[in-house]
Every structure is written in C-alpha cells, then in structure tokens.
$ cat start30.pdb   # PDB, C-alpha atoms
MODEL        1
ATOM      1  CA  MET A   1      65.706  -2.567 171.917
ATOM      2  CA  THR A   2      63.613  -0.145 169.945
ATOM      3  CA  THR A   3      62.240   2.879 171.762
ATOM      4  CA  SER A   4      59.626   3.786 169.155
ATOM      5  CA  THR A   5      56.040   3.735 170.346
ATOM      6  CA  PRO A   6      53.955   0.853 169.039
ATOM      7  CA  THR A   7      51.546   3.090 167.132
ATOM      8  CA  SER A   8      54.373   4.495 165.033
ATOM      9  CA  GLU A   9      54.972   1.055 163.590
ATOM     10  CA  PRO A  10      53.206   0.401 160.285
ATOM     11  CA  ALA A  11      52.161  -3.084 161.429
ATOM     12  CA  VAL A  12      50.284  -1.646 164.411
ATOM     13  CA  ARG A  13      48.668   1.025 162.246
ATOM     14  CA  ARG A  14      47.543  -1.624 159.801
ATOM     15  CA  ALA A  15      46.208  -3.759 162.631
ATOM     16  CA  SER A  16      44.217  -0.790 163.995
ATOM     17  CA  VAL A  17      42.539  -0.339 160.599
ATOM     18  CA  VAL A  18      41.645  -4.043 160.431
ATOM     19  CA  VAL A  19      40.256  -3.950 163.987
ATOM     20  CA  ALA A  20      38.164  -0.853 163.151
ATOM     21  CA  ALA A  21      36.737  -2.591 160.067
ATOM     22  CA  LEU A  22      35.938  -5.683 162.156
ATOM     23  CA  ALA A  23      34.213  -3.520 164.779
ATOM     24  CA  GLY A  24      32.169  -1.819 162.046
ATOM     25  CA  ALA A  25      31.123  -5.165 160.574
ATOM     26  CA  VAL A  26      30.124  -6.658 163.957
ATOM     27  CA  PHE A  27      28.259  -3.437 164.767
ATOM     28  CA  GLY A  28      26.419  -3.656 161.445
ATOM     29  CA  LEU A  29      25.519  -7.325 161.987
ATOM     30  CA  GLY A  30      24.161  -6.427 165.417
ATOM     31  CA  LEU A  31      22.003  -3.658 163.940
ATOM     32  CA  VAL A  32      20.600  -6.011 161.279
ATOM     33  CA  LEU A  33      19.928  -8.881 163.705
ATOM     34  CA  SER A  34      18.392  -6.611 166.344
ATOM     35  CA  GLY A  35      15.792  -5.061 164.025
ATOM     36  CA  MET A  36      17.222  -1.538 164.328
ATOM     37  CA  THR A  37      17.524  -1.396 160.526
ATOM     38  CA  GLN A  38      13.760  -1.919 160.097
ATOM     39  CA  GLN A  39      11.890   1.351 160.005
ATOM     40  CA  GLU A  40       8.583  -0.336 160.911
ATOM     41  CA  LYS A  41      10.182  -1.867 163.999
ATOM     42  CA  VAL A  42      11.799   1.353 165.231
ATOM     43  CA  LEU A  43       8.593   3.307 164.661
ATOM     44  CA  GLY A  44       6.680   0.455 166.319
ATOM     45  CA  PHE A  45       8.721   1.237 169.429
ATOM     46  CA  LEU A  46       8.687   5.055 169.237
ATOM     47  CA  ASP A  47       5.037   5.367 168.163
ATOM     48  CA  VAL A  48       3.114   4.749 171.378
ATOM     49  CA  ALA A  49      -0.148   6.037 169.862
ATOM     50  CA  SER A  50      -0.616   3.144 167.415
ATOM     51  CA  GLY A  51      -2.262   0.809 169.926
ATOM     52  CA  GLU A  52       0.247  -1.887 168.863
ATOM     53  CA  TRP A  53       3.362  -0.882 170.789
ATOM     54  CA  ASP A  54       6.372  -3.151 170.165
ATOM     55  CA  PRO A  55       8.843  -3.033 173.098
ATOM     56  CA  SER A  56      11.514  -5.120 171.286
ATOM     57  CA  LEU A  57      14.010  -2.283 170.921
ATOM     58  CA  ALA A  58      14.322  -1.932 174.690
ATOM     59  CA  PHE A  59      15.918  -5.396 174.572
ATOM     60  CA  VAL A  60      18.530  -4.127 172.108
ATOM     61  CA  MET A  61      19.638  -1.587 174.696
ATOM     62  CA  VAL A  62      19.637  -4.228 177.448
ATOM     63  CA  GLY A  63      21.782  -6.599 175.350
ATOM     64  CA  ALA A  64      24.215  -3.898 174.228
ATOM     65  CA  ILE A  65      24.671  -2.225 177.614
ATOM     66  CA  GLY A  66      24.831  -5.595 179.388
ATOM     67  CA  VAL A  67      27.691  -6.860 177.216
ATOM     68  CA  HIS A  68      29.603  -3.589 176.821
ATOM     69  CA  GLY A  69      29.151  -2.524 180.443
ATOM     70  CA  LEU A  70      30.478  -5.885 181.659
ATOM     71  CA  LEU A  71      33.400  -6.084 179.214
ATOM     72  CA  ARG A  72      34.464  -2.500 179.938
ATOM     73  CA  ARG A  73      34.764  -3.473 183.591
ATOM     74  CA  VAL A  74      36.844  -6.518 182.632
ATOM     75  CA  ILE A  75      39.161  -4.267 180.587
ATOM     76  CA  ALA A  76      39.418  -1.719 183.420
ATOM     77  CA  ALA A  77      40.388  -4.479 185.876
ATOM     78  CA  HIS A  78      42.942  -6.135 183.581
ATOM     79  CA  PRO A  79      46.587  -5.346 184.495
ATOM     80  CA  ARG A  80      47.723  -4.734 180.900
ATOM     81  CA  TRP A  81      44.533  -3.881 178.966
ATOM     82  CA  SER A  82      43.629  -1.155 181.444
ATOM     83  CA  ARG A  83      46.855   0.772 180.759
ATOM     84  CA  ARG A  84      46.445   1.330 177.027
ATOM     85  CA  PRO A  85      44.475  -0.033 174.058
ATOM     86  CA  LEU A  86      46.039  -2.867 172.044
ATOM     87  CA  PHE A  87      46.637  -0.851 168.860
ATOM     88  CA  ALA A  88      46.662   2.799 169.975
ATOM     89  CA  GLU A  89      48.454   5.012 172.492
ATOM     90  CA  THR A  90      45.644   6.026 174.828
ATOM     91  CA  TYR A  91      42.001   5.478 175.662
ATOM     92  CA  GLN A  92      40.162   8.550 174.352
ATOM     93  CA  GLU A  93      37.680   8.956 177.188
ATOM     94  CA  PRO A  94      35.068  11.663 176.433
ATOM     95  CA  ALA A  95      35.521  14.848 178.481
ATOM     96  CA  LYS A  96      33.527  14.827 181.720
ATOM     97  CA  THR A  97      31.935  18.216 181.111
ATOM     98  CA  PRO A  98      28.696  19.114 182.886
ATOM     99  CA  VAL A  99      25.300  18.742 181.233
ATOM    100  CA  ASP A 100      24.831  21.888 179.151
ATOM    101  CA  ARG A 101      22.354  23.390 176.712
ATOM    102  CA  ARG A 102      24.199  22.105 173.622
ATOM    103  CA  LEU A 103      23.810  18.520 174.860
ATOM    104  CA  VAL A 104      20.101  18.778 175.628
ATOM    105  CA  VAL A 105      19.145  20.840 172.556
ATOM    106  CA  GLY A 106      21.230  18.618 170.271
ATOM    107  CA  ALA A 107      19.718  15.432 171.704
ATOM    108  CA  ALA A 108      16.199  16.887 171.342
ATOM    109  CA  ILE A 109      16.834  17.841 167.691
ATOM    110  CA  PHE A 110      18.223  14.359 167.028
ATOM    111  CA  GLY A 111      15.170  12.788 168.671
ATOM    112  CA  VAL A 112      12.786  14.754 166.450
ATOM    113  CA  GLY A 113      14.669  13.569 163.347
ATOM    114  CA  TRP A 114      14.734   9.992 164.662
ATOM    115  CA  GLY A 115      10.974  10.006 165.284
ATOM    116  CA  LEU A 116      10.395  11.525 161.824
ATOM    117  CA  ALA A 117      12.519   8.975 159.963
ATOM    118  CA  GLY A 118      12.431   5.828 162.112
ATOM    119  CA  VAL A 119      16.164   5.320 161.537
ATOM    120  CA  CYS A 120      19.195   6.647 163.415
ATOM    121  CA  PRO A 121      22.672   7.123 161.881
ATOM    122  CA  GLY A 122      24.064   3.550 162.070
ATOM    123  CA  PRO A 123      20.985   1.717 160.757
ATOM    124  CA  ALA A 124      20.494   4.395 158.083
ATOM    125  CA  LEU A 125      24.021   3.905 156.749
ATOM    126  CA  VAL A 126      23.656   0.099 156.792
ATOM    127  CA  SER A 127      20.284   0.275 155.032
ATOM    128  CA  SER A 128      21.538   2.770 152.448
ATOM    129  CA  SER A 129      23.793  -0.031 151.167
ATOM    130  CA  SER A 130      20.698  -1.507 149.502
ATOM    131  CA  LEU A 131      20.515   1.735 147.462
ATOM    132  CA  ALA A 132      16.846   2.172 148.403
ATOM    133  CA  PRO A 133      16.365   5.779 147.228
ATOM    134  CA  THR A 134      14.756   7.100 150.436
ATOM    135  CA  LEU A 135      17.570   5.651 152.574
ATOM    136  CA  VAL A 136      20.229   7.084 150.274
ATOM    137  CA  LEU A 137      18.462  10.458 150.600
ATOM    138  CA  PHE A 138      18.536  10.154 154.400
ATOM    139  CA  ALA A 139      22.267   9.308 154.293
ATOM    140  CA  VAL A 140      22.955  12.303 152.026
ATOM    141  CA  GLY A 141      20.955  14.500 154.416
ATOM    142  CA  LEU A 142      22.892  13.059 157.369
ATOM    143  CA  LEU A 143      26.252  14.003 155.828
ATOM    144  CA  ALA A 144      24.849  17.428 154.904
ATOM    145  CA  GLY A 145      23.693  17.888 158.522
ATOM    146  CA  PHE A 146      27.191  17.012 159.755
ATOM    147  CA  GLY A 147      28.559  19.609 157.321
ATOM    148  CA  VAL A 148      26.050  22.281 158.343
ATOM    149  CA  TYR A 149      27.018  21.783 161.991
ATOM    150  CA  ALA A 150      30.749  21.901 161.189
ATOM    151  CA  ALA A 151      30.233  25.162 159.256
ATOM    152  CA  THR A 152      28.079  26.845 161.910
ATOM    153  CA  LEU A 153      27.945  25.961 165.627
ATOM    154  CA  GLY A 154      30.810  23.481 165.271
ATOM    155  CA  ARG A 155      33.344  26.003 163.934
ATOM    156  CA  GLY A 156      36.587  25.935 165.868
ATOM    157  CA  ARG A 157      35.600  22.851 167.883
TER     158      ARG A 157
ATOM    159  CA  MET B   1       0.827  -4.495 172.572
ATOM    160  CA  ALA B   2       1.854  -6.069 169.268
ATOM    161  CA  TRP B   3       2.742  -9.602 170.322
ATOM    162  CA  SER B   4       3.178 -10.751 166.703
ATOM    163  CA  ALA B   5       5.911  -8.147 166.146
ATOM    164  CA  PHE B   6       7.593  -8.683 169.533
ATOM    165  CA  THR B   7      11.110 -10.130 169.011
ATOM    166  CA  PRO B   8      12.943  -9.910 172.345
ATOM    167  CA  PHE B   9      15.511 -12.656 171.627
ATOM    168  CA  SER B  10      16.837 -11.425 168.279
ATOM    169  CA  ALA B  11      16.739  -7.883 169.672
ATOM    170  CA  ALA B  12      18.836  -8.828 172.715
ATOM    171  CA  ALA B  13      21.229 -10.971 170.616
ATOM    172  CA  GLY B  14      21.706  -8.139 168.127
ATOM    173  CA  GLY B  15      22.211  -5.753 171.022
ATOM    174  CA  ALA B  16      24.869  -8.082 172.444
ATOM    175  CA  LEU B  17      26.736  -7.950 169.103
ATOM    176  CA  ILE B  18      26.543  -4.150 169.175
ATOM    177  CA  GLY B  19      28.021  -4.209 172.694
ATOM    178  CA  LEU B  20      30.750  -6.589 171.515
ATOM    179  CA  ALA B  21      31.587  -4.286 168.577
ATOM    180  CA  ALA B  22      31.835  -1.305 170.922
ATOM    181  CA  THR B  23      34.206  -3.349 173.105
ATOM    182  CA  ILE B  24      36.394  -4.321 170.124
ATOM    183  CA  LEU B  25      36.785  -0.653 169.174
ATOM    184  CA  TRP B  26      37.460   0.373 172.783
ATOM    185  CA  LEU B  27      40.043  -2.308 173.599
ATOM    186  CA  GLY B  28      41.621  -2.159 170.137
ATOM    187  CA  LEU B  29      41.746   1.583 169.455
ATOM    188  CA  GLY B  30      40.561   3.264 172.650
ATOM    189  CA  ARG B  31      37.696   4.859 170.755
ATOM    190  CA  ILE B  32      33.985   5.258 171.488
ATOM    191  CA  ALA B  33      31.766   3.447 168.973
ATOM    192  CA  GLY B  34      29.452   6.347 168.215
ATOM    193  CA  ILE B  35      28.338   6.427 164.595
ATOM    194  CA  SER B  36      27.733  10.175 164.453
ATOM    195  CA  GLY B  37      31.146  10.821 166.038
ATOM    196  CA  ILE B  38      33.049   8.384 163.821
ATOM    197  CA  VAL B  39      31.406   9.353 160.522
ATOM    198  CA  GLY B  40      30.836  13.004 161.499
ATOM    199  CA  GLY B  41      34.590  13.235 162.045
ATOM    200  CA  LEU B  42      34.984  12.737 158.284
ATOM    201  CA  VAL B  43      32.953  15.899 157.516
ATOM    202  CA  PRO B  44      34.896  18.045 156.763
ATOM    203  CA  TRP B  45      37.655  15.721 155.620
ATOM    204  CA  LYS B  46      40.913  16.213 157.564
ATOM    205  CA  SER B  47      43.974  14.152 156.772
ATOM    206  CA  GLY B  48      45.328  12.028 159.605
ATOM    207  CA  ASP B  49      42.819  10.386 161.979
ATOM    208  CA  VAL B  50      40.852   9.214 158.954
ATOM    209  CA  ALA B  51      41.890   5.613 158.197
ATOM    210  CA  TRP B  52      40.157   3.962 161.181
ATOM    211  CA  ARG B  53      36.957   5.979 160.604
ATOM    212  CA  VAL B  54      36.815   4.942 156.945
ATOM    213  CA  ALA B  55      37.563   1.316 157.919
ATOM    214  CA  PHE B  56      34.750   1.248 160.504
ATOM    215  CA  LEU B  57      32.316   2.776 157.979
ATOM    216  CA  ALA B  58      33.449   0.269 155.339
ATOM    217  CA  GLY B  59      32.748  -2.624 157.733
ATOM    218  CA  LEU B  60      29.287  -1.228 158.389
ATOM    219  CA  LEU B  61      28.524  -0.800 154.664
ATOM    220  CA  VAL B  62      29.882  -4.222 153.675
ATOM    221  CA  VAL B  63      27.418  -5.804 156.111
ATOM    222  CA  GLY B  64      24.702  -3.623 154.577
ATOM    223  CA  VAL B  65      25.514  -4.905 151.087
ATOM    224  CA  GLY B  66      25.555  -8.490 152.385
ATOM    225  CA  ALA B  67      22.210  -8.029 154.134
ATOM    226  CA  ALA B  68      20.733  -6.443 150.993
ATOM    227  CA  LEU B  69      21.709  -9.555 149.026
ATOM    228  CA  LEU B  70      20.922 -12.250 151.626
ATOM    229  CA  TRP B  71      18.184 -10.834 153.880
ATOM    230  CA  PRO B  72      16.668  -7.812 152.069
ATOM    231  CA  GLU B  73      13.655  -7.839 154.404
ATOM    232  CA  THR B  74      15.896  -6.816 157.339
ATOM    233  CA  LEU B  75      16.807  -3.431 155.809
ATOM    234  CA  ALA B  76      14.731  -0.273 155.865
ATOM    235  CA  THR B  77      13.054   0.593 152.579
ATOM    236  CA  SER B  78      11.125   3.460 154.140
ATOM    237  CA  SER B  79       7.633   2.161 153.489
ATOM    238  CA  LEU B  80       6.259   4.617 156.070
ATOM    239  CA  ARG B  81       8.044   7.848 155.077
ATOM    240  CA  GLY B  82       8.395   9.679 151.763
ATOM    241  CA  PRO B  83      11.647  10.904 150.176
ATOM    242  CA  GLY B  84      11.284  14.563 151.201
ATOM    243  CA  VAL B  85      10.690  13.644 154.850
ATOM    244  CA  MET B  86      13.692  11.299 154.825
ATOM    245  CA  LEU B  87      16.036  13.914 153.344
ATOM    246  CA  LEU B  88      14.887  16.525 155.860
ATOM    247  CA  ALA B  89      15.120  14.055 158.750
ATOM    248  CA  GLY B  90      18.663  13.147 157.687
ATOM    249  CA  VAL B  91      19.763  16.783 157.910
ATOM    250  CA  VAL B  92      18.044  17.179 161.295
ATOM    251  CA  VAL B  93      19.653  13.990 162.674
ATOM    252  CA  GLY B  94      23.084  14.959 161.328
ATOM    253  CA  PHE B  95      22.968  18.426 162.873
ATOM    254  CA  GLY B  96      21.433  17.321 166.174
ATOM    255  CA  THR B  97      23.807  14.418 166.804
ATOM    256  CA  ARG B  98      26.848  16.638 166.260
ATOM    257  CA  LEU B  99      25.474  19.416 168.462
ATOM    258  CA  GLY B 100      24.565  16.921 171.192
ATOM    259  CA  ASN B 101      27.847  15.048 170.677
ATOM    260  CA  GLY B 102      26.345  11.600 170.137
ATOM    261  CA  CYS B 103      23.524   9.406 168.911
ATOM    262  CA  THR B 104      21.853   6.153 169.944
ATOM    263  CA  ALA B 105      25.220   4.365 169.811
ATOM    264  CA  GLY B 106      27.547   6.917 171.411
ATOM    265  CA  HIS B 107      25.220   8.083 174.200
ATOM    266  CA  GLY B 108      22.691   5.242 174.369
ATOM    267  CA  VAL B 109      25.087   2.280 174.312
ATOM    268  CA  CYS B 110      28.627   3.482 175.083
ATOM    269  CA  GLY B 111      27.712   6.360 177.397
ATOM    270  CA  LEU B 112      25.192   4.428 179.477
ATOM    271  CA  SER B 113      27.613   1.468 179.669
ATOM    272  CA  ARG B 114      30.189   3.615 181.445
ATOM    273  CA  GLY B 115      27.568   5.377 183.597
ATOM    274  CA  SER B 116      27.986   8.844 182.091
ATOM    275  CA  PRO B 117      25.456  11.359 183.508
ATOM    276  CA  ARG B 118      25.669  13.420 180.287
ATOM    277  CA  SER B 119      24.760  10.374 178.197
ATOM    278  CA  LEU B 120      21.863   9.517 180.506
ATOM    279  CA  VAL B 121      20.425  13.019 180.053
ATOM    280  CA  ALA B 122      21.005  12.854 176.279
ATOM    281  CA  THR B 123      19.413   9.396 175.973
ATOM    282  CA  LEU B 124      16.325  10.335 177.988
ATOM    283  CA  THR B 125      16.024  13.511 175.889
ATOM    284  CA  PHE B 126      16.268  11.907 172.442
ATOM    285  CA  MET B 127      14.025   9.006 173.531
ATOM    286  CA  ALA B 128      11.355  11.454 174.718
ATOM    287  CA  ALA B 129      11.659  13.596 171.569
ATOM    288  CA  GLY B 130      11.576  10.499 169.322
ATOM    289  CA  ILE B 131       8.513   9.050 171.053
ATOM    290  CA  ALA B 132       6.722  12.422 170.955
ATOM    291  CA  THR B 133       7.511  12.971 167.265
ATOM    292  CA  ALA B 134       6.604   9.462 166.048
ATOM    293  CA  SER B 135       3.414   9.471 168.125
ATOM    294  CA  LEU B 136       2.388  12.945 166.856
ATOM    295  CA  VAL B 137       2.921  11.746 163.280
ATOM    296  CA  ARG B 138       0.531   8.887 164.151
ATOM    297  CA  VAL B 139      -2.066  11.223 165.650
ATOM    298  CA  PHE B 140      -1.990  13.838 162.876
ATOM    299  CA  PHE B 141      -1.059  11.823 159.774
ATOM    300  CA  GLY B 142      -2.111   8.255 160.622
ATOM    301  CA  GLY B 143       1.375   6.792 161.034
ATOM    302  CA  ALA B 144       2.759   7.421 157.529
ATOM    303  CA  LEU B 145       4.254  10.671 156.264
TER     304      LEU B 145
ENDMDL
END
$ encode --input "start30.pdb" --output "structure tokens"
Amino acid sequence: MTTSTPTSEPAVRRASVVVAALAGAVFGLGLVLSGMTQQEKVLGFLDVASGEWDPSLAFVMVGAIGVHGLLRRVIAAHPRWSRRPLFAETYQEPAKTPVDRRLVVGAAIFGVGWGLAGVCPGPALVSSSSLAPTLVLFAVGLLAGFGVYAATLGRGR
Amino acid sequence: MAWSAFTPFSAAAGGALIGLAATILWLGLGRIAGISGIVGGLVPWKSGDVAWRVAFLAGLLVVGVGAALLWPETLATSSLRGPGVMLLAGVVVGFGTRLGNGCTAGHGVCGLSRGSPRSLVATLTFMAAGIATASLVRVFFGGAL
C-alpha cells in the first residue's frame, strides 16, 4: 500500500490540468452561447436608458446559478465527493470574512469598467481570441489592472 | 423592451453550461471558477499553482478561436466603444475585480450559488454601478463612446 497523497502522483496532477482545461472550454462555450460575449447584448441589458431594454442576461444568471447551486448541493451530500475534490487535496472555500470596504469599493470600480466596456473578464478574454484590436486592448488593460493591484493595494496579500 | 433582441432560451442554456463548468472545476479541483481570480493569480507569475490556471485559460481561449472561425458574430468586436475607452476600461476592471476579490463569475455565479452574503453585496454593487455607467453613457453620449 502506498501512503503518498493522490495529488503527489503525476497522473493525478495531469488529470487536474485536463479537468481545468475542460472546465475552461465549457465555461467559454457557455459564455458564447449565452450572449455574454456580445457587447451589444451586455450593454442592451445594462443600458436601461435606451428605451429598448433586453433582459436576456438575467436568464444567464438564472441558468448558471440554478445548475451550479443544485450540483453543489449534490456534491455536498455525496459521501465521497463531499470529503475532497477528485483531483486535489481540499476544497478551497473562500474565507467567510465580513463585508468590508475593499469588497464594496472594488465591486463598484469593476461595475464602472463593465458599464464602460460592455464586457467582463471572461467574455473579454474569449472575444480577444478573434484578435479584434479593441478586445485585445481591453485584455491588455485587464492584465495591467491585475498588475497594478498586485503592486499597490494587493502587496503582501 | 427590445423583443427582437430578447433571447431567454440561449441565455439560460449558456448559463447552464457556465454553471456546469463551475461544477467541474469545483468537484475536480476544489476551486472557484472566477475568471479574475484564476487569471489574476497569474499576475505576477509565481511558480507552482500555475498549471491549472494556464489550462483553464487555454480552454477559454481555444473556444474563443473556434468561435471566431465558426460563429464570428457571437464575439464582441466593440462596435459601440473606441480603443481608448476599451483599454481604460480593461485597467479599471482588472483593478476593481482584484480589489473586490471577484467578478461576474466568481461573485455572480459561484458566490450566489453557495449563498455567500459577501458575493450578494458585491453582485448588487457591480450590477448597480454597471447599469448606472452604461445608462449615463447613453444619456450623455448617445450610447456609443
């Protein structure tokens, strides 16, 4: 009997990379099918002053939360799945810290950028694959914004 | 309301795929499928803890390339916003999502799915800010910028 943990085995590490790539691809397909990658559609939802409001994107949230909320409960109730993920040691649950100023200010700043651009990070990265110059510029800005945060308020976190 | 643009079925089906993808990453790796968290964790680059992030991003981009070839009309070409606005907005979104610890995916989908109060506050906040910003652009600039 081996006592090594599963994640130390190369086969499990390889499997985790394949599963992550699959998750990314399914996520991307969902973004494309849902309309989240269409700037006109996102702005049609966020822009309530146009007189032609398009509520479609609310249905994206309903579909996503419906499926993920249900399946998370299935996982939590499963005797084996609930103990640990299939290809990793532990579930990395986000810390249950209270609502603070960083959260609210950060979300507000993100919202302003989202309303300006009509794309959020996932759809922007998917759309930048077409090499449309404005989307590539957004993606470059996104990475720069990550870097600016890491070098300023994110230092030591 | 814009009935011609209203696409509830493809929106819900696409949303269901997004929820499925978040479940695959959770059950497989025990990770939250937040784009800003996954990709933001690559900036700055730290060795270790990188392979799965790169793999997820690669999956996302491969679908983007496929969509660009097969269904180019489904991808944003930014007909409504100029290059300077998009670059600036990218920086703002990058900074804000890291400060607020999540974006539409991490807070809006994963956080709300597990009933996180923090994610509910974040989602209501970025929705309100997004609606206010896009609507003000409409009022002051006629919808394009």
$ resolve_selection --input "start30.pdb" --expression "the PyMOL selection byres ((chain B and resi 9) around 12)" --output "MDAnalysis selection string"
(chainID A and resid 33:35 55:60 62:63) or (chainID B and resid 5:8 10:16)
$ resolve_selection --input "start30.pdb" --expression "the PyMOL selection byres ((chain A and resi 28) around 9)" --output "list in words"
Ala23, Gly24, Ala25, Val26, Phe27, Leu29, Gly30, Leu31, Val32, Leu33, Gly122, Pro123 and Val126 of chain A; Leu17, Ile18, Ala21, Gly59, Leu60, Leu61, Val62, Val63 and Gly64 of chain B
$ atom_distance --input "start30.pdb" --atom1 "CA of Val93 (chain B)" --atom2 "CA of His68 (chain A)"
24.7 Å
$ closest_residue --input "start30.pdb" --among "B:Leu120, B:Val39, B:Ala129, B:Ala33" --to "chain A" --atoms "only C-alpha atoms"
B:Ala129
$ resolve_selection --input "start30.pdb" --expression "the PyMOL selection byres ((chain A and resi 13) around 12)" --output "list in words"
Thr5, Pro6, Thr7, Ser8, Glu9, Pro10, Ala11, Val12, Arg14, Ala15, Ser16, Val17, Val18, Val19, Ala20, Leu86, Phe87, Ala88 and Glu89 of chain A; Gly28, Leu29, Gly48, Asp49, Val50, Ala51, Trp52 and Ala55 of chain B
$ closest_residue --input "start30.pdb" --among "B:Gly102, B:Gly82, B:Ile24, B:Ile38" --to "Val121 (chain B)" --atoms "only C-alpha atoms"
B:Gly102
$ atom_distance --input "start30.pdb" --atom1 "CA of Thr134 (chain A)" --atom2 "CA of Met86 (chain B)"
6.2 Å
$ closest_residue --input "start30.pdb" --among "B:Phe126, B:Trp26, B:Trp45, B:Phe140" --to "chain A" --atoms "only C-alpha atoms"
B:Phe126
$ closest_residue --input "start30.pdb" --among "B:Gly37, B:Pro83, B:Gly115, B:Gly142" --to "chain A" --atoms "only C-alpha atoms"
B:Pro83
$ residues_around --input "start30.pdb" --residues "Arg157 (chain A)" --least-positions-apart "4" --cutoff "12 Å" --atoms "only C-alpha atoms" --output "JSON, numbers by chain"
{"A": [149, 150, 151, 152, 153], "B": [41, 98, 99, 101]}
$ closest_atom_pairs --input "start30.pdb" --of "region 32-124 of chain B" --to "region 100-121 of chain A" --cutoff "9 Å" --atoms "all atoms listed in the file" --output "Markdown table"
| residue | atom | partner | partner_atom | distance |
| --- | --- | --- | --- | --- |
| B:Ile35 | CA | A:Pro121 | CA | 6.3 |
| B:Ser36 | CA | A:Pro121 | CA | 6.4 |
| B:Ala76 | CA | A:Val119 | CA | 8.1 |
| B:Ser78 | CA | A:Ala117 | CA | 8.1 |
| B:Leu80 | CA | A:Ala117 | CA | 8.6 |
| B:Arg81 | CA | A:Ala117 | CA | 6.7 |
| B:Val85 | CA | A:Ala117 | CA | 7.2 |
| B:Met86 | CA | A:Ala117 | CA | 5.8 |
| B:Leu87 | CA | A:Ala117 | CA | 9.0 |
| B:Leu88 | CA | A:Gly113 | CA | 8.1 |
| B:Ala89 | CA | A:Gly113 | CA | 4.6 |
| B:Gly90 | CA | A:Gly113 | CA | 6.9 |
| B:Val91 | CA | A:Gly113 | CA | 8.1 |
| B:Val92 | CA | A:Gly113 | CA | 5.4 |
| B:Val93 | CA | A:Phe110 | CA | 4.6 |
| B:Gly94 | CA | A:Phe110 | CA | 7.5 |
| B:Phe95 | CA | A:Phe110 | CA | 7.5 |
| B:Gly96 | CA | A:Gly106 | CA | 4.3 |
| B:Thr97 | CA | A:Phe110 | CA | 5.6 |
| B:Arg98 | CA | A:Gly106 | CA | 7.2 |
| B:Leu99 | CA | A:Gly106 | CA | 4.7 |
| B:Gly100 | CA | A:Gly106 | CA | 3.9 |
| B:Asn101 | CA | A:Leu103 | CA | 6.8 |
| B:Gly102 | CA | A:Ala107 | CA | 7.8 |
| B:Cys103 | CA | A:Pro121 | CA | 7.4 |
| B:Thr104 | CA | A:Cys120 | CA | 7.1 |
| B:Ala105 | CA | A:Pro121 | CA | 8.8 |
| B:Arg118 | CA | A:Leu103 | CA | 7.7 |
| B:Ser119 | CA | A:Leu103 | CA | 8.9 |
| B:Val121 | CA | A:Val104 | CA | 7.3 |
| B:Ala122 | CA | A:Ala107 | CA | 5.4 |
| B:Thr123 | CA | A:Ala107 | CA | 7.4 |
| B:Leu124 | CA | A:Ala107 | CA | 8.8 |
$ write_last_selection --input "start30.pdb" --atoms "C-alpha atoms" --output "PDB file, in the frame of the given file"
ATOM      1  CA  ILE B  35      28.338   6.427 164.595  1.00  0.00           C
ATOM      2  CA  SER B  36      27.733  10.175 164.453  1.00  0.00           C
ATOM      3  CA  ALA B  76      14.731  -0.273 155.865  1.00  0.00           C
ATOM      4  CA  SER B  78      11.125   3.460 154.140  1.00  0.00           C
ATOM      5  CA  LEU B  80       6.259   4.617 156.070  1.00  0.00           C
ATOM      6  CA  ARG B  81       8.044   7.848 155.077  1.00  0.00           C
ATOM      7  CA  VAL B  85      10.690  13.644 154.850  1.00  0.00           C
ATOM      8  CA  MET B  86      13.692  11.299 154.825  1.00  0.00           C
ATOM      9  CA  LEU B  87      16.036  13.914 153.344  1.00  0.00           C
ATOM     10  CA  LEU B  88      14.887  16.525 155.860  1.00  0.00           C
ATOM     11  CA  ALA B  89      15.120  14.055 158.750  1.00  0.00           C
ATOM     12  CA  GLY B  90      18.663  13.147 157.687  1.00  0.00           C
ATOM     13  CA  VAL B  91      19.763  16.783 157.910  1.00  0.00           C
ATOM     14  CA  VAL B  92      18.044  17.179 161.295  1.00  0.00           C
ATOM     15  CA  VAL B  93      19.653  13.990 162.674  1.00  0.00           C
ATOM     16  CA  GLY B  94      23.084  14.959 161.328  1.00  0.00           C
ATOM     17  CA  PHE B  95      22.968  18.426 162.873  1.00  0.00           C
ATOM     18  CA  GLY B  96      21.433  17.321 166.174  1.00  0.00           C
ATOM     19  CA  THR B  97      23.807  14.418 166.804  1.00  0.00           C
ATOM     20  CA  ARG B  98      26.848  16.638 166.260  1.00  0.00           C
ATOM     21  CA  LEU B  99      25.474  19.416 168.462  1.00  0.00           C
ATOM     22  CA  GLY B 100      24.565  16.921 171.192  1.00  0.00           C
ATOM     23  CA  ASN B 101      27.847  15.048 170.677  1.00  0.00           C
ATOM     24  CA  GLY B 102      26.345  11.600 170.137  1.00  0.00           C
ATOM     25  CA  CYS B 103      23.524   9.406 168.911  1.00  0.00           C
ATOM     26  CA  THR B 104      21.853   6.153 169.944  1.00  0.00           C
ATOM     27  CA  ALA B 105      25.220   4.365 169.811  1.00  0.00           C
ATOM     28  CA  ARG B 118      25.669  13.420 180.287  1.00  0.00           C
ATOM     29  CA  SER B 119      24.760  10.374 178.197  1.00  0.00           C
ATOM     30  CA  VAL B 121      20.425  13.019 180.053  1.00  0.00           C
ATOM     31  CA  ALA B 122      21.005  12.854 176.279  1.00  0.00           C
ATOM     32  CA  THR B 123      19.413   9.396 175.973  1.00  0.00           C
ATOM     33  CA  LEU B 124      16.325  10.335 177.988  1.00  0.00           C
TER      34      LEU B 124
END
$ closest_residue --input "start30.pdb" --among "A:Arg72, A:His78, A:Arg155, A:Arg83" --to "chain B" --atoms "all atoms listed in the file"
A:Arg72
$ closest_residue --input "start30.pdb" --among "B:Ala134, B:Val43, B:Ser79, B:Phe56" --to "Gly147 (chain A)" --atoms "only C-alpha atoms"
B:Val43
$ atom_distance --input "start30.pdb" --atom1 "CA of Arg138 (chain B)" --atom2 "CA of Thr74 (chain B)"
23.0 Å
